[in-house]
Amino acid sequence: MFPTSSNTQPHKPTLRALILTGLLCLVALPISANDELGFVLNSFSFLIWGVLVMWMCAGFTMLESGTVRTKNASVICLKNLGLFSIACITYYIIGYDLMYTEVWHFIGKPFTTGFGHGPSAAEVTMISDAVNKDIVNTNAVISEQDYSTMSDWFFQMVFVATTASIVSGALAERVRLWSFFAFIFILVAFIYPVVGAMTWGGGLLTELGFVDFAGSTIVHSTGGWAALAGVLIVGPRIGKFRKNGTVHPTPPSNVPLVTLGVLILWLGWMGFNGGSVLQMDGPVAATVMSDVIANTVMAGAAGVLVIMALSKVILGRMSLLAVLNGAIAGLVAITAAPNFHDMIWLAIVIGAVGGFLCLVSMRLFDAIKIDDVVSAIPAHLVAGIWGTMAACFTNADAEIWIQFFGILVVGAFTFAVSWVAWYLIDLTLGLRISAETEELGQDVTELGMETYPEFVQVIDHEMYAEELEERA
Amino acid sequence: MFPTSSNTQPHKPTLRALILTGLLCLVALPISANDELGFVLNSFSFLIWGVLVMWMCAGFTMLESGTVRTKNASVICLKNLGLFSIACITYYIIGYDLMYTEVWHFIGKPFTTGFGHGPSAAEVTMISDAVNKDIVNTNAVISEQDYSTMSDWFFQMVFVATTASIVSGALAERVRLWSFFAFIFILVAFIYPVVGAMTWGGGLLTELGFVDFAGSTIVHSTGGWAALAGVLIVGPRIGKFRKNGTVHPTPPSNVPLVTLGVLILWLGWMGFNGGSVLQMDGPVAATVMSDVIANTVMAGAAGVLVIMALSKVILGRMSLLAVLNGAIAGLVAITAAPNFHDMIWLAIVIGAVGGFLCLVSMRLFDAIKIDDVVSAIPAHLVAGIWGTMAACFTNADAEIWIQFFGILVVGAFTFAVSWVAWYLIDLTLGLRISAETEELGQDVTELGMETYPEFVQVIDHEMYAEELEERA
Amino acid sequence: MFPTSSNTQPHKPTLRALILTGLLCLVALPISANDELGFVLNSFSFLIWGVLVMWMCAGFTMLESGTVRTKNASVICLKNLGLFSIACITYYIIGYDLMYTEVWHFIGKPFTTGFGHGPSAAEVTMISDAVNKDIVNTNAVISEQDYSTMSDWFFQMVFVATTASIVSGALAERVRLWSFFAFIFILVAFIYPVVGAMTWGGGLLTELGFVDFAGSTIVHSTGGWAALAGVLIVGPRIGKFRKNGTVHPTPPSNVPLVTLGVLILWLGWMGFNGGSVLQMDGPVAATVMSDVIANTVMAGAAGVLVIMALSKVILGRMSLLAVLNGAIAGLVAITAAPNFHDMIWLAIVIGAVGGFLCLVSMRLFDAIKIDDVVSAIPAHLVAGIWGTMAACFTNADAEIWIQFFGILVVGAFTFAVSWVAWYLIDLTLGLRISAETEELGQDVTELGMETYPEFVQVIDHEMYAEELEERA
């Protein structure tokens, strides 16, 4: 079992390091040859990998803008830009501290150490001394921190932005702009930090030994549960599910954009999992990071290949969209435990199963009339659950019942709070655009613009006709 | 005041380090635990962040290609590819040395140390020894340089390319290809290096204590002033400003492309500001870099949010394009002084005001009939001026009158020389395409191609009708 | 001549380091100030630059998807996603070991050290000790390896994926999906590893002193030869070459996408060449890496400028597509030997000649009726041959006849085996889609989808009419 005794010191940003890498941290100091350069390298790892994770926002934006109808392709760009900005500032003001600070300290923080999550006192002193050309003593910083405060904040912030991005795609084409932003605020200010506090923040699930290296559950499933609650409350797009039981096809309006989006996500995932080693200060950390990246890329590739093969068998034709989702599902599946060093081929198996489950649940969700525009729930929630369980195969610390319990707790909490939040937003602001807006598209009605104003387009009015007639 | 006494040694590539980080450099050597690895890390910081800045070229290309009419969307791709290439080679041959070498040395350089800006003599010796398997002595290099010569050149080169990119968007859809390239050559060979010499190169403004960390004025406003001079000389697009005082709308032809462009710029900006710490060799540098990146991302987010909020209030609807410009303006605004370590929330204020000023000046420029196709001048020049002044809030070395004087000197010099350059190009090569070409589009007339040849398009001929009739 | 005596120890992953950097490696240990952090930095260099090379897959995908007719723009996305995934997993299972292991060891490997190319035994022990909180001894790893095993695998894997990407574009719009994948498997499992074994793997060409720093021949020409064999067997698209000797124009369907693709490739190339220094553990390596990146960016810029200039002179107009190919050709040309430290202007010459030769051969290939959809063969094969020869100007170790011999051996081997492979695939699976599918497009026939279903399109049926009538 995981040795939690020395790890349960709350309100330490380094705690996530202690928990996630586990193995690493207790031996990190003697391994590191040079503490000052170790601090530099750990911080730089957060920054450079974090920048790639940040850019996953562009991946989700392209993926979603290419998938929705042309008439909603601009508003989804705005939603993604807005959600990233809300996530960034909210996580600075509230989210990070709620996740990594004990509750009573969190409440007192604005009055004691000040507003928002800024550099540590030791860092401010160190830099002031440098500015004033006093003797600079780095020991105070180095002895307390393995990396700079804001490099850690940045890396954590781009993770919550990823969680928020998952939601926007699933609910596209029918949710009001500001109502959506209201939910994102709640997600970033409360839901994600509480999930994070239970796990990476050193709470209940950490004490039990729950394993989730880079967030199959904590990031991807959390986004998936929040999206699922929203989808259930807001309902499917008008005309998506026909009275006769068939599904109205809504093919992506711009396929290369969707492909570009997935390839951006794949790029960002290298930082997502690679950076989650949280250290780059010695041979152990460098080797773990390399193994993590190799396992991650192979799981994504396996997700692609399994759907390429099964598409042919099951659907009789190859589906590019399923293949693209397969890449994401493979990457999500490996995210809970990519840090294994032997039997690398297990990464292929985990990614392949993730892809397969995503494909199956895409079909299932259509059958049970859950309208998830970009298949975010199959790719992020279903594959995330699988990946969290699959950690038992690759990480000796992961125990099957603890993993299952962790999935359950995170799922129940996220789904319940999200459901209430969506419900309350619906009651107050109203969640759904009018049927007229839905038919015309949000670009024209909410933004007064067209995404491609110079291209002659075919609008699919048939989709809405049957259901709207029936209502009238 | 800023201690200039020890910093005014011209023709040192490390001078920019001395100036910009100020604080850091005097204490850098004792801080760095290991000089050899410090040299490696500083050089690598330039390379990896520089690569992201280089890719801002793709950001500007996508932003501009998506914003112009479809009929000009290919030629703007060519302009951007060409300007980057011209910038790269011109800055190697002339620009860098003019910026960082005293004038009499600059003139003699081709005869003494040779053509272009290559590796230092000490570096060539070090590598020759390595090649010949002689004993390699790194001391000669390490004692003179904090980083490799060409890593610094690369990082500086991609900055001048950014300045040049700002110009292409503002003047799109009406400037001749080769006339535009002629101006870019002048900008990179003369205007930018002189501005740089006055500031980062250790000239007048440095001696006065002018603060501009990563180039709100030096890069962004310089590009903005050059663009403004061009816009005034070349005039607005035919039909843009109607006789009755209204403005003919020219909505972007491909919105996801514009969004992608802005997200690429955001990505690159992490390198733009993060790399401008110029060091990564110890805990001080790593902490400063982290704070810079955190402040930068928050200023961009604040620029987005303030326009999301104000669009609703002022315009009655949300404008995606204003929001996208808000991101850029927020990022430009923080660029003059993102290196503060306390009161991180000031980054939010600076970015938000930058976004607000950009929004206001977008409207103002329409009112005074300045036709800036991509709103480059509001986003880069106006927000750049604000950011340079705002440095007074966050950097104790920045003095309000010095900052104001710096903005004035750079503005007057850049605008005047640019104006003369644009004017002379107009006299000789001719600056403006024919009215016929303007109506047909430069893609067909200058490149003999269509950007999207298989899509049926709606061409807006009405825009040109009134003005062309009147002329006839 | 190149001192091969100490370098010809096969089945060492570090051999490529020994060979490529040559100069560096023999002095590397004394130069490195700190072996543990050197190990970290070398591994990190592979990972971060490798991630950029990996993303060249997105570059090829966008380039190709924007170049083909709209009716084939989705299937080419799928081909690129599939080929990357096949390359990744095949290179893990077979390719890497075949390239870097002696043949008899390769055959026995699954029974001795296990399936696939995983972390070294020393690494697994080191990490197990860390996990079990035993005393961690990094010496066993550090003394045997300069970087972690999987960081090297990752960096090498993304190179073979690049080779495979080159093939997909040349044969677009007429090759069956699974037949194409079958060839990619052969390329990654056999052709590329054998070429690699002869060169970077320490074989014949290495012993002779063949110089190819980052793969002008080994990666780019190999891809080009494989594509050429395929193009010859599968033949041109129906109607591309008219009976009357003229060429039917097939302009790109989405120009900004092509431009984005090239700019992504340019970004990735910084990692391609920069990372190929294979070390980042001391001032020599950092300086070489900086010079490599400066030379690379300048060669690309020169390729652009020479075609901008010559297009005007030769074609009477500027061709954006030729310019975009010029960038690639310039980058390919410098790839064989970007590691020179004096006379940096030679990079401009090498890139410019690469661009020029690409332009000329684009015309030539049209004349001799070789239908290469994206001009991959001019840009990668022709410029690759030139670059390999041009190494003689910049690398004292490169001898003209050895370089020529290397080009010949790699070319003969790759072309012959590829020809047989394409031929056998044609016999068994069938290589070419039906004429009907070719006219309708593979998106509808093979994927049952349209790339831009909501845009009204103009389909060019004329292209097929003449030839199909004639056949009937």
# chains A, B, ... in the order shown; residues from 1 in each chain; ligands from 1
>>> residues_around(residues="segment 422-427 of chain A", least_positions_apart="4", cutoff="12 Å", atoms="only C-alpha atoms", output="mmCIF file with N, CA and C atoms, in the first residue's frame")
data_model
loop_
_atom_site.group_PDB
_atom_site.id
_atom_site.type_symbol
_atom_site.label_atom_id
_atom_site.label_comp_id
_atom_site.auth_asym_id
_atom_site.auth_seq_id
_atom_site.Cartn_x
_atom_site.Cartn_y
_atom_site.Cartn_z
ATOM 1 N N VAL A 167 -16.587 20.385 -21.028
ATOM 2 C CA VAL A 167 -18.020 20.659 -20.898
ATOM 3 C C VAL A 167 -18.575 21.389 -22.123
ATOM 4 N N LEU A 171 -22.240 20.286 -24.661
ATOM 5 C CA LEU A 171 -23.498 21.047 -24.610
ATOM 6 C C LEU A 171 -23.636 22.066 -25.735
ATOM 7 N N VAL A 175 -26.956 25.836 -25.563
ATOM 8 C CA VAL A 175 -26.872 26.465 -24.245
ATOM 9 C C VAL A 175 -26.566 27.946 -24.401
ATOM 10 N N ARG A 176 -27.212 28.764 -23.585
ATOM 11 C CA ARG A 176 -26.959 30.196 -23.598
ATOM 12 C C ARG A 176 -25.541 30.500 -23.161
ATOM 13 N N LEU A 177 -24.986 31.525 -23.740
ATOM 14 C CA LEU A 177 -23.607 31.904 -23.505
ATOM 15 C C LEU A 177 -23.333 32.184 -22.028
ATOM 16 N N TRP A 178 -24.081 33.095 -21.433
ATOM 17 C CA TRP A 178 -23.764 33.502 -20.065
ATOM 18 C C TRP A 178 -24.141 32.449 -19.051
ATOM 19 N N SER A 179 -25.148 31.659 -19.366
ATOM 20 C CA SER A 179 -25.501 30.555 -18.475
ATOM 21 C C SER A 179 -24.369 29.525 -18.451
ATOM 22 N N PHE A 180 -23.828 29.292 -19.629
ATOM 23 C CA PHE A 180 -22.680 28.382 -19.701
ATOM 24 C C PHE A 180 -21.520 28.927 -18.876
ATOM 25 N N PHE A 181 -21.219 30.220 -19.025
ATOM 26 C CA PHE A 181 -20.117 30.813 -18.266
ATOM 27 C C PHE A 181 -20.374 30.746 -16.756
ATOM 28 N N ALA A 182 -21.639 30.903 -16.362
ATOM 29 C CA ALA A 182 -21.968 30.811 -14.933
ATOM 30 C C ALA A 182 -21.596 29.433 -14.402
ATOM 31 N N PHE A 183 -21.922 28.388 -15.188
ATOM 32 C CA PHE A 183 -21.564 27.042 -14.731
ATOM 33 C C PHE A 183 -20.054 26.875 -14.645
ATOM 34 N N ILE A 184 -19.335 27.401 -15.643
ATOM 35 C CA ILE A 184 -17.876 27.266 -15.651
ATOM 36 C C ILE A 184 -17.282 27.905 -14.392
ATOM 37 N N PHE A 185 -17.846 29.029 -14.006
ATOM 38 C CA PHE A 185 -17.363 29.667 -12.775
ATOM 39 C C PHE A 185 -17.535 28.732 -11.574
ATOM 40 N N ILE A 186 -18.686 28.113 -11.462
ATOM 41 C CA ILE A 186 -18.944 27.185 -10.351
ATOM 42 C C ILE A 186 -18.005 25.982 -10.421
ATOM 43 N N LEU A 187 -17.804 25.498 -11.625
ATOM 44 C CA LEU A 187 -16.918 24.339 -11.808
ATOM 45 C C LEU A 187 -15.504 24.660 -11.324
ATOM 46 N N ALA A 226 -19.631 16.512 -15.192
ATOM 47 C CA ALA A 226 -20.259 17.844 -15.245
ATOM 48 C C ALA A 226 -21.020 18.026 -16.555
ATOM 49 N N ALA A 227 -20.431 17.538 -17.648
ATOM 50 C CA ALA A 227 -21.090 17.643 -18.952
ATOM 51 C C ALA A 227 -22.345 16.779 -18.988
ATOM 52 N N LEU A 228 -22.234 15.574 -18.429
ATOM 53 C CA LEU A 228 -23.376 14.659 -18.452
ATOM 54 C C LEU A 228 -24.574 15.268 -17.717
ATOM 55 N N ALA A 229 -24.323 15.850 -16.538
ATOM 56 C CA ALA A 229 -25.412 16.506 -15.803
ATOM 57 C C ALA A 229 -26.043 17.599 -16.651
ATOM 58 N N GLY A 230 -25.206 18.381 -17.311
ATOM 59 C CA GLY A 230 -25.721 19.456 -18.154
ATOM 60 C C GLY A 230 -26.537 18.936 -19.320
ATOM 61 N N VAL A 231 -26.030 17.902 -19.969
ATOM 62 C CA VAL A 231 -26.721 17.336 -21.121
ATOM 63 C C VAL A 231 -28.097 16.809 -20.710
ATOM 64 N N LEU A 232 -28.168 16.194 -19.539
ATOM 65 C CA LEU A 232 -29.447 15.645 -19.092
ATOM 66 C C LEU A 232 -30.453 16.748 -18.795
ATOM 67 N N ILE A 233 -29.975 17.856 -18.228
ATOM 68 C CA ILE A 233 -30.910 18.928 -17.893
ATOM 69 C C ILE A 233 -31.305 19.731 -19.122
ATOM 70 N N VAL A 234 -30.355 20.030 -19.958
ATOM 71 C CA VAL A 234 -30.669 20.902 -21.096
ATOM 72 C C VAL A 234 -31.354 20.131 -22.229
ATOM 73 N N GLY A 235 -31.157 18.831 -22.254
ATOM 74 C CA GLY A 235 -31.816 18.006 -23.272
ATOM 75 C C GLY A 235 -31.144 18.034 -24.612
ATOM 76 N N THR A 414 -19.376 15.147 -8.193
ATOM 77 C CA THR A 414 -19.378 16.044 -9.349
ATOM 78 C C THR A 414 -20.737 16.061 -10.024
ATOM 79 N N PHE A 415 -21.309 14.877 -10.219
ATOM 80 C CA PHE A 415 -22.587 14.810 -10.916
ATOM 81 C C PHE A 415 -23.671 15.513 -10.107
ATOM 82 N N ALA A 416 -23.698 15.272 -8.795
ATOM 83 C CA ALA A 416 -24.751 15.851 -7.966
ATOM 84 C C ALA A 416 -24.643 17.373 -7.920
ATOM 85 N N VAL A 417 -23.464 17.874 -7.617
ATOM 86 C CA VAL A 417 -23.308 19.328 -7.530
ATOM 87 C C VAL A 417 -23.534 19.975 -8.896
ATOM 88 N N SER A 418 -23.044 19.354 -9.949
ATOM 89 C CA SER A 418 -23.249 19.907 -11.288
ATOM 90 C C SER A 418 -24.729 19.942 -11.631
ATOM 91 N N LEU A 431 -31.335 28.198 -19.235
ATOM 92 C CA LEU A 431 -30.184 27.477 -19.759
ATOM 93 C C LEU A 431 -30.231 27.362 -21.272
ATOM 94 N N ARG A 432 -31.444 27.288 -21.781
ATOM 95 C CA ARG A 432 -31.570 26.900 -23.184
ATOM 96 C C ARG A 432 -31.953 28.090 -24.048
ATOM 97 N N ILE A 433 -31.345 28.162 -25.222
ATOM 98 C CA ILE A 433 -31.722 29.184 -26.196
ATOM 99 C C ILE A 433 -33.109 28.864 -26.734
#
>>> residues_around(residues="Asn80 of chain C", least_positions_apart="3", cutoff="8 Å", atoms="only C-alpha atoms", output="PyMOL selection string")
chain C and resi 57+60-61+76-77+83-84+165+168
>>> write_last_selection(atoms="N, CA and C atoms", output="compact mmCIF listing (two decimals), in the first residue's frame")
# COMPACT_ATOMS: atom_id res chain seq x y z
N CYS C 57 3.44 15.71 -37.81
CA CYS C 57 2.31 14.93 -38.32
C CYS C 57 1.12 15.84 -38.60
N PHE C 60 1.94 17.83 -41.84
CA PHE C 60 1.69 17.08 -43.07
C PHE C 60 0.18 16.92 -43.31
N THR C 61 -0.55 16.66 -42.22
CA THR C 61 -2.00 16.46 -42.36
C THR C 61 -2.67 17.71 -42.92
N ILE C 76 -7.56 11.87 -46.32
CA ILE C 76 -6.14 12.11 -46.13
C ILE C 76 -5.84 12.43 -44.66
N CYS C 77 -6.81 13.00 -43.96
CA CYS C 77 -6.65 13.17 -42.50
C CYS C 77 -6.54 11.81 -41.83
N LEU C 83 -1.24 6.49 -40.22
CA LEU C 83 0.18 6.19 -40.46
C LEU C 83 1.02 6.53 -39.24
N PHE C 84 0.65 7.60 -38.53
CA PHE C 84 1.42 7.93 -37.34
C PHE C 84 1.27 6.82 -36.30
N SER C 165 5.02 10.07 -43.39
CA SER C 165 4.13 11.17 -43.78
C SER C 165 4.42 11.66 -45.19
N SER C 168 2.41 9.75 -47.88
CA SER C 168 0.95 9.88 -48.01
C SER C 168 0.53 10.99 -48.96
>>> atom_distance(atom1="atom CA of Arg317 of chain A", atom2="atom CA of Leu331 of chain A")
23.7 Å
>>> select_by_dssp(residues="segment 372-441 of chain C", states="alpha helix (DSSP H)", output="VMD selection string")
chain C and resid 376 383 to 394 400 to 428 435 to 440
>>> interface_residues(of="chain C", to="chain B", cutoff="7 Å", atoms="only C-alpha atoms", output="PyMOL selection string")
chain C and resi 23-24+27+33+253-256+259-260+263+267+280+282-284+286-287+290-291+294+298+301-302+304-305+317-320+341-342+344+455-459
>>> write_last_selection(atoms="N, CA and C atoms", output="CSV table (one decimal), in the first residue's frame")
chain,number,residue,atom,x,y,z
C,23,LEU,N,32.3,14.8,-33.4
C,23,LEU,CA,33.1,15.8,-32.6
C,23,LEU,C,32.7,15.8,-31.1
C,24,LEU,N,31.4,15.9,-30.9
C,24,LEU,CA,31.0,16.1,-29.5
C,24,LEU,C,31.3,15.0,-28.6
C,27,VAL,N,34.4,13.9,-26.4
C,27,VAL,CA,34.8,14.9,-25.4
C,27,VAL,C,33.6,15.1,-24.4
C,33,ALA,N,29.7,19.2,-16.9
C,33,ALA,CA,30.1,19.5,-15.5
C,33,ALA,C,29.4,18.6,-14.5
C,253,SER,N,-7.4,23.0,-52.5
C,253,SER,CA,-8.8,23.3,-52.2
C,253,SER,C,-8.9,24.3,-51.0
C,254,ASN,N,-7.8,24.4,-50.2
C,254,ASN,CA,-7.9,25.2,-49.0
C,254,ASN,C,-6.5,25.8,-48.7
C,255,VAL,N,-6.2,26.9,-49.2
C,255,VAL,CA,-4.9,27.5,-49.2
C,255,VAL,C,-4.4,27.8,-47.8
C,256,PRO,N,-5.2,28.4,-46.9
C,256,PRO,CA,-4.7,28.7,-45.5
C,256,PRO,C,-4.3,27.4,-44.8
C,259,THR,N,-0.9,26.5,-45.9
C,259,THR,CA,0.1,27.4,-45.3
C,259,THR,C,0.3,27.1,-43.9
C,260,LEU,N,-0.8,26.8,-43.2
C,260,LEU,CA,-0.6,26.4,-41.8
C,260,LEU,C,0.2,25.1,-41.7
C,263,LEU,N,3.8,26.0,-42.0
C,263,LEU,CA,4.3,26.7,-40.8
C,263,LEU,C,4.5,25.7,-39.6
C,267,LEU,N,8.0,24.9,-37.7
C,267,LEU,CA,8.1,24.8,-36.2
C,267,LEU,C,8.8,23.5,-35.8
C,280,MET,N,22.6,18.0,-24.7
C,280,MET,CA,22.4,19.3,-24.2
C,280,MET,C,23.0,19.5,-22.8
C,282,GLY,N,26.3,20.4,-21.9
C,282,GLY,CA,27.4,21.3,-21.7
C,282,GLY,C,27.5,22.4,-22.7
C,283,PRO,N,28.4,23.3,-22.5
C,283,PRO,CA,28.5,24.5,-23.4
C,283,PRO,C,28.7,24.1,-24.9
C,284,VAL,N,29.5,23.1,-25.2
C,284,VAL,CA,29.7,22.7,-26.5
C,284,VAL,C,28.4,22.3,-27.2
C,286,ALA,N,25.3,23.0,-26.2
C,286,ALA,CA,24.4,24.1,-26.3
C,286,ALA,C,24.7,25.1,-27.5
C,287,THR,N,26.0,25.3,-27.7
C,287,THR,CA,26.4,26.1,-28.8
C,287,THR,C,26.2,25.5,-30.1
C,290,SER,N,22.5,25.8,-30.8
C,290,SER,CA,22.1,27.1,-31.2
C,290,SER,C,22.5,27.4,-32.7
C,291,ASP,N,23.7,27.0,-33.1
C,291,ASP,CA,24.1,27.2,-34.4
C,291,ASP,C,23.3,26.4,-35.4
C,294,ALA,N,20.0,28.2,-35.8
C,294,ALA,CA,20.1,29.5,-36.6
C,294,ALA,C,20.3,29.1,-38.1
C,298,MET,N,17.6,29.9,-41.2
C,298,MET,CA,18.0,30.7,-42.3
C,298,MET,C,17.9,30.0,-43.6
C,301,ALA,N,14.3,30.2,-44.7
C,301,ALA,CA,14.0,31.6,-45.2
C,301,ALA,C,14.6,31.8,-46.6
C,302,ALA,N,15.8,31.2,-46.8
C,302,ALA,CA,16.4,31.4,-48.1
C,302,ALA,C,15.6,30.6,-49.2
C,304,VAL,N,12.4,30.2,-49.2
C,304,VAL,CA,11.3,31.1,-49.5
C,304,VAL,C,11.7,32.2,-50.4
C,305,LEU,N,12.7,32.9,-50.1
C,305,LEU,CA,13.1,34.1,-50.8
C,305,LEU,C,13.5,33.8,-52.3
C,317,ARG,N,4.7,35.4,-62.5
C,317,ARG,CA,3.8,35.7,-61.4
C,317,ARG,C,4.4,34.9,-60.2
C,318,MET,N,3.9,35.3,-59.0
C,318,MET,CA,4.4,34.7,-57.8
C,318,MET,C,3.5,33.5,-57.6
C,319,SER,N,4.1,32.3,-57.3
C,319,SER,CA,3.3,31.2,-56.9
C,319,SER,C,3.4,30.8,-55.4
C,320,LEU,N,2.3,31.0,-54.7
C,320,LEU,CA,2.4,30.7,-53.3
C,320,LEU,C,2.8,29.3,-53.0
C,341,HIS,N,29.8,26.2,-37.9
C,341,HIS,CA,29.9,27.3,-36.9
C,341,HIS,C,30.6,28.6,-37.4
C,342,ASP,N,31.0,28.5,-38.6
C,342,ASP,CA,31.6,29.7,-39.2
C,342,ASP,C,30.9,29.8,-40.6
C,344,ILE,N,28.2,31.3,-41.5
C,344,ILE,CA,26.8,31.0,-41.4
C,344,ILE,C,26.0,31.3,-42.7
C,455,PHE,N,-21.0,23.5,-47.1
C,455,PHE,CA,-20.6,24.5,-48.1
C,455,PHE,C,-21.0,24.0,-49.5
C,456,VAL,N,-21.6,24.9,-50.3
C,456,VAL,CA,-21.9,24.5,-51.7
C,456,VAL,C,-20.6,24.5,-52.5
C,457,GLN,N,-20.4,23.4,-53.2
C,457,GLN,CA,-19.1,23.2,-53.9
C,457,GLN,C,-19.3,23.1,-55.4
C,458,VAL,N,-18.2,23.5,-56.1
C,458,VAL,CA,-18.0,23.3,-57.5
C,458,VAL,C,-17.2,22.0,-57.7
C,459,ILE,N,-17.7,21.0,-58.3
C,459,ILE,CA,-16.9,19.8,-58.6
C,459,ILE,C,-16.3,19.9,-60.0
>>> residues_around(residues="Ala347 of chain B", least_positions_apart="6", cutoff="7 Å", atoms="only C-alpha atoms", output="JSON, numbers by chain")
{"B": [295, 298, 299, 334]}
>>> atom_distance(atom1="atom CA of Gln145 of chain A", atom2="atom CA of Ala122 of chain A")
9.5 Å
>>> residues_around(residues="Gly387 of chain A", least_positions_apart="3", cutoff="9 Å", atoms="only C-alpha atoms", output="PDB file with C-alpha atoms, in the first residue's frame")
ATOM      1  CA  ASP A 212      -4.626   9.022 -10.512  1.00  0.00           C
ATOM      2  CA  SER A 216      -8.141  10.309 -15.809  1.00  0.00           C
ATOM      3  CA  THR A 217     -10.685  10.785 -13.060  1.00  0.00           C
ATOM      4  CA  GLY A 330      -6.597   6.184 -25.685  1.00  0.00           C
ATOM      5  CA  VAL A 332      -7.456   9.637 -21.479  1.00  0.00           C
ATOM      6  CA  ALA A 333      -7.184   5.945 -20.584  1.00  0.00           C
ATOM      7  CA  ILE A 334      -3.426   6.019 -20.021  1.00  0.00           C
ATOM      8  CA  THR A 335      -3.555   9.239 -18.014  1.00  0.00           C
ATOM      9  CA  ALA A 336      -4.334   7.608 -14.665  1.00  0.00           C
ATOM     10  CA  ALA A 337      -1.075   5.634 -14.582  1.00  0.00           C
ATOM     11  CA  ILE A 350      -4.906   0.185 -22.130  1.00  0.00           C
ATOM     12  CA  GLY A 351      -5.206   2.642 -25.008  1.00  0.00           C
ATOM     13  CA  GLY A 354     -10.092   2.853 -24.042  1.00  0.00           C
ATOM     14  CA  VAL A 382     -15.979   6.456 -20.095  1.00  0.00           C
ATOM     15  CA  ALA A 383     -12.319   6.166 -21.044  1.00  0.00           C
ATOM     16  CA  GLY A 384     -11.418   8.003 -17.847  1.00  0.00           C
ATOM     17  CA  ALA A 390      -6.589   0.017 -15.447  1.00  0.00           C
ATOM     18  CA  ALA A 391      -4.088   1.676 -13.122  1.00  0.00           C
TER      19      ALA A 391
END
>>> residues_around(residues="Val194 of chain A", least_positions_apart="2", cutoff="10 Å", atoms="only C-alpha atoms", output="list in words")
Gly95, Leu98, Met99, Tyr100, Leu187, Val188, Ala189, Phe190, Ile191, Tyr192, Gly196, Ala197, Met198, Thr199, Gly201, Gly203, Val410, Phe413 and Thr414 of chain A
>>> residues_around(residues="Ile238 of chain A", least_positions_apart="5", cutoff="8 Å", atoms="only C-alpha atoms", output="ChimeraX atom specification")
/A:435,438,463-464,467-468
>>> residues_around(residues="Gly224 of chain A", least_positions_apart="3", cutoff="7 Å", atoms="only C-alpha atoms", output="list in words")
Ile166, Val167, His220, Ser221, Ala227, Leu228, Ala376, Ile377, His380 and Leu381 of chain A
>>> write_last_selection(atoms="C-alpha atoms", output="mmCIF file, in the first residue's frame")
data_model
loop_
_atom_site.group_PDB
_atom_site.id
_atom_site.type_symbol
_atom_site.label_atom_id
_atom_site.label_comp_id
_atom_site.auth_asym_id
_atom_site.auth_seq_id
_atom_site.Cartn_x
_atom_site.Cartn_y
_atom_site.Cartn_z
ATOM 1 C CA ILE A 166 -14.664 19.217 -21.913
ATOM 2 C CA VAL A 167 -18.020 20.659 -20.898
ATOM 3 C CA HIS A 220 -11.277 14.069 -17.537
ATOM 4 C CA SER A 221 -14.053 12.248 -15.701
ATOM 5 C CA ALA A 227 -21.090 17.643 -18.952
ATOM 6 C CA LEU A 228 -23.376 14.659 -18.452
ATOM 7 C CA ALA A 376 -16.940 14.252 -24.999
ATOM 8 C CA ILE A 377 -18.583 11.927 -22.511
ATOM 9 C CA HIS A 380 -13.387 11.648 -21.442
ATOM 10 C CA LEU A 381 -15.735 10.053 -18.899
#
>>> atom_distance(atom1="atom CA of Glu102 of chain A", atom2="atom CA of Ala421 of chain A")
24.1 Å
